[in-house]
Number of protein chains: 2
Amino acid sequence: MKTKEYMKKLFYPESLAYIGATSRRVWNIMGVIERGYKGDIYLVSEKDEEILGMKCYKSISELPDKIDLAVIAITKSKVKPIIKQCIEKKFYTLHIFSAGLGEYDEPGIELEHEIHEMLKNSDTRAIGPNCMGVYSTGGRISYHPNFSKKICESGCLAFVSHSGDLTSRYVTDCNNYGINFSVAASIGNTISLKFSDFIDYFSSDEKTDIISGYFEGFSQFREFEGRDLLKVLKENKKPTLILRGGVTEKGAKTASSHTGSISSNSKIWNSVVAQTGIINVATFEELMDSTIAFYYCKGLYPKVNSLILITWSGGTASLGVDRIINLGVDIPEIQDPARSEMQSMISIGSVANPLDLPWIGHEEKYPEICKIAIKEPYVGGVIIEAFAPRDFDDHHMLHHNNIMKIANYTREEGKPFLMSLPHIRGAQREKYKDILIKDKIPVFPSVERAARAFSNMYKYKSKYS
Amino acid sequence: MKTKEYMKKLFYPESLAYIGATSRRVWNIMGVIERGYKGDIYLVSEKDEEILGMKCYKSISELPDKIDLAVIAITKSKVKPIIKQCIEKKFYTLHIFSAGLGEYDEPGIELEHEIHEMLKNSDTRAIGPNCMGVYSTGGRISYHPNFSKKICESGCLAFVSHSGDLTSRYVTDCNNYGINFSVAASIGNTISLKFSDFIDYFSSDEKTDIISGYFEGFSQFREFEGRDLLKVLKENKKPTLILRGGVTEKGAKTASSHTGSISSNSKIWNSVVAQTGIINVATFEELMDSTIAFYYCKGLYPKVNSLILITWSGGTASLGVDRIINLGVDIPEIQDPARSEMQSMISIGSVANPLDLPWIGHEEKYPEICKIAIKEPYVGGVIIEAFAPRDFDDHHMLHHNNIMKIANYTREEGKPFLMSLPHIRGAQREKYKDILIKDKIPVFPSVERAARAFSNMYKYKSKYS
């Protein structure tokens, strides 16, 4: 069976088994039940007779053959015989949750090599060990019950990660910003299915428009993982954002004790980046910001690498310009006649770009002044900075409605609109962010972070337009 | 009168005048009344007979001489004759709120030069034009009614800024992180009192332990402002954090249209930085983080430039190490016998440093394992990463109490403890941050930002210990 068919079994299983189920740890089963999973579920438990009203089997031998996905959550000392049984029963895919193997000590590395050999010569594929597993909105499965239950039809995000905790955090953060997933997978030590297999699947998945990943290094279990990743990425044309951990020597050592990956080979990685269109992000924050930008600015990726910055503080303007210029993005001066027209409408502030327009954010002329600049052909997009209000009163709504006018006008012009909404007044920021996201306004915590996301969109656009 | 005596008049005025008071804009007067200001208040208004129950005078000539601080909030065309009157009445200090002068156009620059000459040859000093004014907790005055009313006795923060909006944002953010100010001032275009005058005052102010500022460039109204700032900073031994705007050529141009400052002279600035102990921060975020670190880690600034990173995610650990190493801070491997002792207490995860300790954050042994590493002499401080809980239930409290044990132990060892609390779940993050800040735990949005603040503390300590 081809790898992509195994992927279908993993993300859209019609039968599920939980091996090592216990009544103390039901959240992964809950994650499936709560979203109305339609397939068969089999629980195997040594101690429990019944979990969540479902019968428990004593052993794998009692289960039917050819189960699509089996989750193995047992202590590492028992992993090998259990996997042997799963292979014999011709289960299609396994999620080996068990940790403390290759990332932990020498006996763990040895054990991984043995399991790798067993799987290699079988009709079974696996993710893990040492991973959280799968989230598939269409497949109605999720290792975490709290992930969004909204089923993706099209235009979604797909994610693959060597780290389970970062998967949980990323999915939660993305859900919180209204972003819908097709699928996500925490794949751990990758002794069977590899990082490149997932990117390959995502690149031809109809539901997926944007791909992202957390990469900790090439698997020691496949000699040509670098070459494979290069091949896959060269064929892929979807925006693909990759965050890489273990870049420094010390970080590589940490990664090795995390997933046993060989992350020290920066040469291979850099060669992959240079030869493909992937967006190689530097921090988790940049991954989040770029995800938000690519998701909400779809169809509006900038043709020109330049921004209008709209603030109502000269200090923010000066600092913002410094950061934007340092990112290699231009802040072009607005030219006449546009500039003179704008100038005639204000008495303090500046319209040169940045548009520093104090005190008039609530007035009708505010969006009108901005529009004059936005339509200029040398302008690639717009960043506006605003703050979450203390009160969502009429006065605030005047300003908010002005922002929406500017946003909609920018988008009608085919240009991306990004908003900096700093983390001030946490609860109100959350509330205002939700309002903006509902209107598909991408929101960032600072001008700099918005500009970096803009710059990544421009890089993609200039490569694939 | 010496400059420092003018500063006393500005921050602790015994009499106040508002020239150009209107019933439509009372927030700056409210900021004074609401904090129980004890001195005399005089309002001068062309239109209103009475504002907030206080009588309005028609003209400055009706006011007594020698008022300590007069706020001038009138249209720019009338500024010059008003200032002339203030000088004649021997008012000590003026806050020229009026904008649209030197930062706006040629006639504005000309006007500023005329006002500068008038003030230079008088017994009156001024801040502004184009500024928000003064916040003084002990002086019971504040240009914004919402700034904290807590009066500073000692150990506080003092701030000076060329930007009014950044002053408002910084004070609000700092208040939100429990930080108490002695004084803060938005000083605008600085045609009379200069940036260096404020740093000089702060450096000998008994209530002030930490100094910070937003600097947009040297004033064109004092030839030797660079030399003066150098002199003041050389004598000052307090931690001094300066954020500079207008660093790039384009940013400098923006700054010039903001406050009319000559910010392009990076040479002078870099020479000041090289010859003094100031912490030259690069972003508003770094200014905030370093303020929080210096404020809450007082007496614990690190002697060794190395960190223990405690996470419960291998992905966060790998990424965190990369960022910390890139900042020039070490993540030393824990040595035997400490390491063996720690290793014997876990079955998965890593104790090499980072301490990646999944699943045991709620157990009693968690702080005990960490303590073994913290007391090692080659460890300079601790960063721990945690997340705001969905529910503040008993389970969360177990983890929180463990964090507090680790924090208190670190501080008893004379080392700084910093916490990364990412911006996930905005409302809960705000709540948990408040709980932590009450226990004087400095909180940051990421491991990287915590580490940068740590690095700045080390730089200061290595210069002044």
# chains A, B, ... in the order shown; residues from 1 in each chain; ligands from 1
>>> interface_residues(of="chain A", to="chain B", cutoff="6 Å", atoms="only C-alpha atoms", output="number ranges by chain")
A: 100, 163, 165, 245-246, 248, 251, 254-255, 258, 313-315, 318-319, 321-322, 348, 426-427, 430
>>> write_last_selection(atoms="N, CA and C atoms", output="PDB file, in the first residue's frame")
ATOM      1  N   GLY A 100      10.150   7.604  26.466  1.00  0.00           N
ATOM      2  CA  GLY A 100      11.299   7.080  27.205  1.00  0.00           C
ATOM      3  C   GLY A 100      12.099   6.086  26.383  1.00  0.00           C
ATOM      4  N   SER A 163       7.191  17.741  17.969  1.00  0.00           N
ATOM      5  CA  SER A 163       6.890  17.969  19.384  1.00  0.00           C
ATOM      6  C   SER A 163       5.396  17.930  19.657  1.00  0.00           C
ATOM      7  N   ASP A 165       3.863  18.812  22.597  1.00  0.00           N
ATOM      8  CA  ASP A 165       3.404  19.980  23.324  1.00  0.00           C
ATOM      9  C   ASP A 165       3.246  21.177  22.394  1.00  0.00           C
ATOM     10  N   GLY A 245      13.617  23.567  15.245  1.00  0.00           N
ATOM     11  CA  GLY A 245      14.260  23.570  16.568  1.00  0.00           C
ATOM     12  C   GLY A 245      15.571  22.820  16.506  1.00  0.00           C
ATOM     13  N   GLY A 246      16.452  23.077  17.457  1.00  0.00           N
ATOM     14  CA  GLY A 246      17.753  22.400  17.468  1.00  0.00           C
ATOM     15  C   GLY A 246      18.699  22.972  16.440  1.00  0.00           C
ATOM     16  N   THR A 248      21.052  25.560  17.042  1.00  0.00           N
ATOM     17  CA  THR A 248      22.384  25.689  17.640  1.00  0.00           C
ATOM     18  C   THR A 248      22.888  24.306  18.063  1.00  0.00           C
ATOM     19  N   GLY A 251      21.191  23.403  21.141  1.00  0.00           N
ATOM     20  CA  GLY A 251      19.784  23.121  20.846  1.00  0.00           C
ATOM     21  C   GLY A 251      19.631  21.763  20.173  1.00  0.00           C
ATOM     22  N   THR A 254      19.703  19.160  22.728  1.00  0.00           N
ATOM     23  CA  THR A 254      18.413  19.124  23.423  1.00  0.00           C
ATOM     24  C   THR A 254      17.390  18.381  22.579  1.00  0.00           C
ATOM     25  N   ALA A 255      17.384  18.676  21.275  1.00  0.00           N
ATOM     26  CA  ALA A 255      16.445  18.008  20.375  1.00  0.00           C
ATOM     27  C   ALA A 255      16.684  16.506  20.377  1.00  0.00           C
ATOM     28  N   HIS A 258      15.132  14.892  23.003  1.00  0.00           N
ATOM     29  CA  HIS A 258      13.682  15.083  22.929  1.00  0.00           C
ATOM     30  C   HIS A 258      13.050  14.065  21.985  1.00  0.00           C
ATOM     31  N   SER A 313       0.346  57.590  16.942  1.00  0.00           N
ATOM     32  CA  SER A 313       1.395  57.959  17.879  1.00  0.00           C
ATOM     33  C   SER A 313       2.682  58.081  17.101  1.00  0.00           C
ATOM     34  N   GLY A 314       3.329  59.250  17.213  1.00  0.00           N
ATOM     35  CA  GLY A 314       4.600  59.457  16.537  1.00  0.00           C
ATOM     36  C   GLY A 314       5.681  58.519  17.038  1.00  0.00           C
ATOM     37  N   GLY A 315       5.622  58.170  18.331  1.00  0.00           N
ATOM     38  CA  GLY A 315       6.615  57.252  18.897  1.00  0.00           C
ATOM     39  C   GLY A 315       6.502  55.879  18.278  1.00  0.00           C
ATOM     40  N   SER A 318       7.867  56.033  14.710  1.00  0.00           N
ATOM     41  CA  SER A 318       9.335  56.007  14.586  1.00  0.00           C
ATOM     42  C   SER A 318       9.878  54.612  14.849  1.00  0.00           C
ATOM     43  N   LEU A 319       9.403  53.986  15.933  1.00  0.00           N
ATOM     44  CA  LEU A 319       9.877  52.644  16.279  1.00  0.00           C
ATOM     45  C   LEU A 319       9.461  51.642  15.206  1.00  0.00           C
ATOM     46  N   VAL A 321       8.805  52.131  12.017  1.00  0.00           N
ATOM     47  CA  VAL A 321       9.589  52.313  10.788  1.00  0.00           C
ATOM     48  C   VAL A 321      10.956  51.645  10.931  1.00  0.00           C
ATOM     49  N   ASP A 322      11.619  51.871  12.063  1.00  0.00           N
ATOM     50  CA  ASP A 322      12.927  51.243  12.278  1.00  0.00           C
ATOM     51  C   ASP A 322      12.845  49.730  12.108  1.00  0.00           C
ATOM     52  N   ILE A 348      -2.561  68.692  12.446  1.00  0.00           N
ATOM     53  CA  ILE A 348      -1.359  68.182  13.108  1.00  0.00           C
ATOM     54  C   ILE A 348      -1.133  66.751  12.642  1.00  0.00           C
ATOM     55  N   GLY A 426      -5.389  42.413  29.023  1.00  0.00           N
ATOM     56  CA  GLY A 426      -5.538  41.056  28.493  1.00  0.00           C
ATOM     57  C   GLY A 426      -6.952  40.648  28.127  1.00  0.00           C
ATOM     58  N   ALA A 427      -7.899  40.836  29.052  1.00  0.00           N
ATOM     59  CA  ALA A 427      -9.254  40.352  28.804  1.00  0.00           C
ATOM     60  C   ALA A 427      -9.913  41.124  27.651  1.00  0.00           C
ATOM     61  N   GLU A 430      -8.423  40.174  24.278  1.00  0.00           N
ATOM     62  CA  GLU A 430      -8.995  38.903  23.809  1.00  0.00           C
ATOM     63  C   GLU A 430     -10.358  39.138  23.151  1.00  0.00           C
TER      64      GLU A 430
END
>>> residues_around(residues="Ser98 in chain A", least_positions_apart="4", cutoff="12 Å", atoms="only C-alpha atoms", output="ChimeraX atom specification")
/A:19-20,71-80,82-83,94,102-104,108,112,127-133,187-189 /B:347-348
>>> atom_distance(atom1="CA of Leu421 in chain B", atom2="CA of Phe444 in chain B")
5.8 Å
>>> select_by_dssp(residues="range 250-374 of chain A", states="strand (DSSP E or B)", output="list in words")
Ile262, Ile279, Asn280, Val281, Ser306, Leu307, Ile308, Leu309, Ile310, Thr311, Asp330, Ser350, Leu355 and Asp356 of chain A
>>> closest_residue(among="A:Leu357, A:Ala451, A:Ile268, A:Ala293", to="Leu327 in chain A", atoms="only C-alpha atoms")
A:Ala451
>>> closest_atom_pairs(of="range 162-257 of chain A", to="range 6-16 of chain A", cutoff="10 Å", atoms="only C-alpha atoms", output="JSON lines")
{"residue": "A:Ser182", "atom": "CA", "partner": "A:Phe11", "partner_atom": "CA", "distance": 9.5}
{"residue": "A:Val183", "atom": "CA", "partner": "A:Phe11", "partner_atom": "CA", "distance": 7.1}
{"residue": "A:Ala184", "atom": "CA", "partner": "A:Phe11", "partner_atom": "CA", "distance": 8.7}
{"residue": "A:Ala185", "atom": "CA", "partner": "A:Phe11", "partner_atom": "CA", "distance": 8.9}
{"residue": "A:Leu193", "atom": "CA", "partner": "A:Met7", "partner_atom": "CA", "distance": 9.1}
{"residue": "A:Asp197", "atom": "CA", "partner": "A:Met7", "partner_atom": "CA", "distance": 8.6}
{"residue": "A:Phe198", "atom": "CA", "partner": "A:Met7", "partner_atom": "CA", "distance": 7.9}
{"residue": "A:Tyr201", "atom": "CA", "partner": "A:Met7", "partner_atom": "CA", "distance": 7.2}
{"residue": "A:Phe202", "atom": "CA", "partner": "A:Met7", "partner_atom": "CA", "distance": 9.8}
>>> atom_distance(atom1="CA of Leu69 in chain B", atom2="CA of Tyr18 in chain B")
8.8 Å
>>> residues_around(residues="Thr208 in chain B", least_positions_apart="3", cutoff="9 Å", atoms="only C-alpha atoms", output="ChimeraX atom specification")
/B:152,154-158,181-183,202-205,211,238
>>> write_last_selection(atoms="N, CA and C atoms", output="mmCIF file, in the first residue's frame")
data_model
loop_
_atom_site.group_PDB
_atom_site.id
_atom_site.type_symbol
_atom_site.label_atom_id
_atom_site.label_comp_id
_atom_site.auth_asym_id
_atom_site.auth_seq_id
_atom_site.Cartn_x
_atom_site.Cartn_y
_atom_site.Cartn_z
ATOM 1 N N CYS B 152 4.601 56.600 45.526
ATOM 2 C CA CYS B 152 5.908 55.961 45.679
ATOM 3 C C CYS B 152 6.665 56.560 46.859
ATOM 4 N N SER B 154 9.775 54.782 47.958
ATOM 5 C CA SER B 154 11.161 54.498 47.562
ATOM 6 C C SER B 154 11.180 53.301 46.621
ATOM 7 N N GLY B 155 12.341 53.062 45.993
ATOM 8 C CA GLY B 155 12.525 51.873 45.157
ATOM 9 C C GLY B 155 11.732 51.891 43.863
ATOM 10 N N CYS B 156 11.418 53.070 43.344
ATOM 11 C CA CYS B 156 10.514 53.159 42.195
ATOM 12 C C CYS B 156 11.239 53.345 40.865
ATOM 13 N N LEU B 157 10.403 53.449 39.840
ATOM 14 C CA LEU B 157 10.844 53.628 38.465
ATOM 15 C C LEU B 157 10.574 55.071 38.039
ATOM 16 N N ALA B 158 11.540 55.686 37.331
ATOM 17 C CA ALA B 158 11.308 57.014 36.739
ATOM 18 C C ALA B 158 11.489 56.899 35.235
ATOM 19 N N PHE B 181 5.703 53.946 39.967
ATOM 20 C CA PHE B 181 6.545 55.036 39.476
ATOM 21 C C PHE B 181 6.803 56.070 40.575
ATOM 22 N N SER B 182 8.015 56.637 40.552
ATOM 23 C CA SER B 182 8.212 57.892 41.269
ATOM 24 C C SER B 182 7.611 58.985 40.377
ATOM 25 N N VAL B 183 8.205 59.166 39.201
ATOM 26 C CA VAL B 183 7.702 60.168 38.252
ATOM 27 C C VAL B 183 7.859 59.671 36.820
ATOM 28 N N PHE B 202 16.743 62.134 37.803
ATOM 29 C CA PHE B 202 16.406 60.778 38.259
ATOM 30 C C PHE B 202 17.593 60.136 38.996
ATOM 31 N N SER B 203 18.802 60.388 38.481
ATOM 32 C CA SER B 203 19.971 59.680 39.021
ATOM 33 C C SER B 203 20.255 60.075 40.474
ATOM 34 N N SER B 204 19.788 61.244 40.892
ATOM 35 C CA SER B 204 19.992 61.618 42.292
ATOM 36 C C SER B 204 18.683 61.656 43.078
ATOM 37 N N ASP B 205 17.597 61.207 42.460
ATOM 38 C CA ASP B 205 16.307 61.196 43.153
ATOM 39 C C ASP B 205 16.243 59.995 44.096
ATOM 40 N N ILE B 211 15.844 53.685 36.171
ATOM 41 C CA ILE B 211 15.567 54.774 35.223
ATOM 42 C C ILE B 211 15.272 54.165 33.858
ATOM 43 N N LYS B 238 22.573 53.889 38.584
ATOM 44 C CA LYS B 238 21.314 53.144 38.631
ATOM 45 C C LYS B 238 21.071 52.428 37.301
#
>>> atom_distance(atom1="CA of Gln85 in chain A", atom2="CA of Phe218 in chain A")
28.6 Å
>>> closest_residue(among="A:Gly39, A:Gly178, A:Gly213, A:Pro416", to="Gly381 in chain A", atoms="only C-alpha atoms")
A:Pro416
>>> residues_around(residues="Arg25 in chain A", least_positions_apart="6", cutoff="12 Å", atoms="only C-alpha atoms", output="count of residues only")
10
>>> select_by_dssp(residues="range 13-104 of chain B", states="alpha helix (DSSP H)", output="JSON, numbers by chain")
{"B": [27, 28, 29, 30, 31, 32, 33, 79, 80, 81, 82, 83, 84, 85, 86, 87, 88]}
>>> write_last_selection(atoms="N, CA and C atoms", output="mmCIF file, in the first residue's frame")
data_model
loop_
_atom_site.group_PDB
_atom_site.id
_atom_site.type_symbol
_atom_site.label_atom_id
_atom_site.label_comp_id
_atom_site.auth_asym_id
_atom_site.auth_seq_id
_atom_site.Cartn_x
_atom_site.Cartn_y
_atom_site.Cartn_z
ATOM 1 N N TRP B 27 -9.915 65.700 31.337
ATOM 2 C CA TRP B 27 -9.234 64.522 31.878
ATOM 3 C C TRP B 27 -7.898 64.837 32.541
ATOM 4 N N ASN B 28 -7.181 65.860 32.028
ATOM 5 C CA ASN B 28 -5.901 66.163 32.681
ATOM 6 C C ASN B 28 -6.104 66.825 34.048
ATOM 7 N N ILE B 29 -7.190 67.608 34.183
ATOM 8 C CA ILE B 29 -7.506 68.206 35.486
ATOM 9 C C ILE B 29 -8.020 67.117 36.446
ATOM 10 N N MET B 30 -8.844 66.211 35.906
ATOM 11 C CA MET B 30 -9.336 65.075 36.703
ATOM 12 C C MET B 30 -8.174 64.256 37.268
ATOM 13 N N GLY B 31 -7.160 64.073 36.457
ATOM 14 C CA GLY B 31 -5.997 63.292 36.874
ATOM 15 C C GLY B 31 -5.339 63.856 38.121
ATOM 16 N N VAL B 32 -5.502 65.148 38.327
ATOM 17 C CA VAL B 32 -4.921 65.803 39.503
ATOM 18 C C VAL B 32 -5.906 65.757 40.673
ATOM 19 N N ILE B 33 -7.143 66.130 40.406
ATOM 20 C CA ILE B 33 -8.154 66.198 41.473
ATOM 21 C C ILE B 33 -8.380 64.825 42.095
ATOM 22 N N VAL B 79 0.288 80.545 21.110
ATOM 23 C CA VAL B 79 1.247 80.056 22.107
ATOM 24 C C VAL B 79 2.263 81.130 22.508
ATOM 25 N N LYS B 80 2.772 81.849 21.530
ATOM 26 C CA LYS B 80 3.869 82.779 21.821
ATOM 27 C C LYS B 80 3.462 83.890 22.806
ATOM 28 N N PRO B 81 2.360 84.615 22.561
ATOM 29 C CA PRO B 81 1.989 85.650 23.531
ATOM 30 C C PRO B 81 1.669 85.084 24.917
ATOM 31 N N ILE B 82 1.079 83.890 24.962
ATOM 32 C CA ILE B 82 0.751 83.283 26.264
ATOM 33 C C ILE B 82 2.037 83.002 27.046
ATOM 34 N N ILE B 83 3.039 82.422 26.349
ATOM 35 C CA ILE B 83 4.299 82.107 27.041
ATOM 36 C C ILE B 83 4.977 83.388 27.515
ATOM 37 N N LYS B 84 4.870 84.426 26.726
ATOM 38 C CA LYS B 84 5.432 85.719 27.128
ATOM 39 C C LYS B 84 4.808 86.165 28.461
ATOM 40 N N GLN B 85 3.483 86.042 28.552
ATOM 41 C CA GLN B 85 2.785 86.411 29.796
ATOM 42 C C GLN B 85 3.256 85.546 30.979
ATOM 43 N N CYS B 86 3.386 84.241 30.736
ATOM 44 C CA CYS B 86 3.824 83.318 31.796
ATOM 45 C C CYS B 86 5.207 83.705 32.311
ATOM 46 N N ILE B 87 6.084 84.099 31.383
ATOM 47 C CA ILE B 87 7.431 84.509 31.766
ATOM 48 C C ILE B 87 7.374 85.787 32.610
ATOM 49 N N GLU B 88 6.530 86.706 32.168
ATOM 50 C CA GLU B 88 6.402 87.969 32.907
ATOM 51 C C GLU B 88 5.868 87.746 34.322
#
>>> residues_around(residues="Ser420 in chain A", least_positions_apart="4", cutoff="8 Å", atoms="only C-alpha atoms", output="PyMOL selection string")
chain A and resi 383-386+443-447+450
>>> residues_around(residues="range 370-376 of chain B", least_positions_apart="2", cutoff="7 Å", atoms="only C-alpha atoms", output="VMD selection string")
chain B and resid 334 338 366 to 368 378 to 379 406 410 413
>>> residues_around(residues="Lys237 in chain A", least_positions_apart="6", cutoff="10 Å", atoms="only C-alpha atoms", output="list in words")
Ser203, Ser204, Asp209, Ile210, Thr276, Gly277, Ile278, Tyr460, Lys463 and Tyr464 of chain A
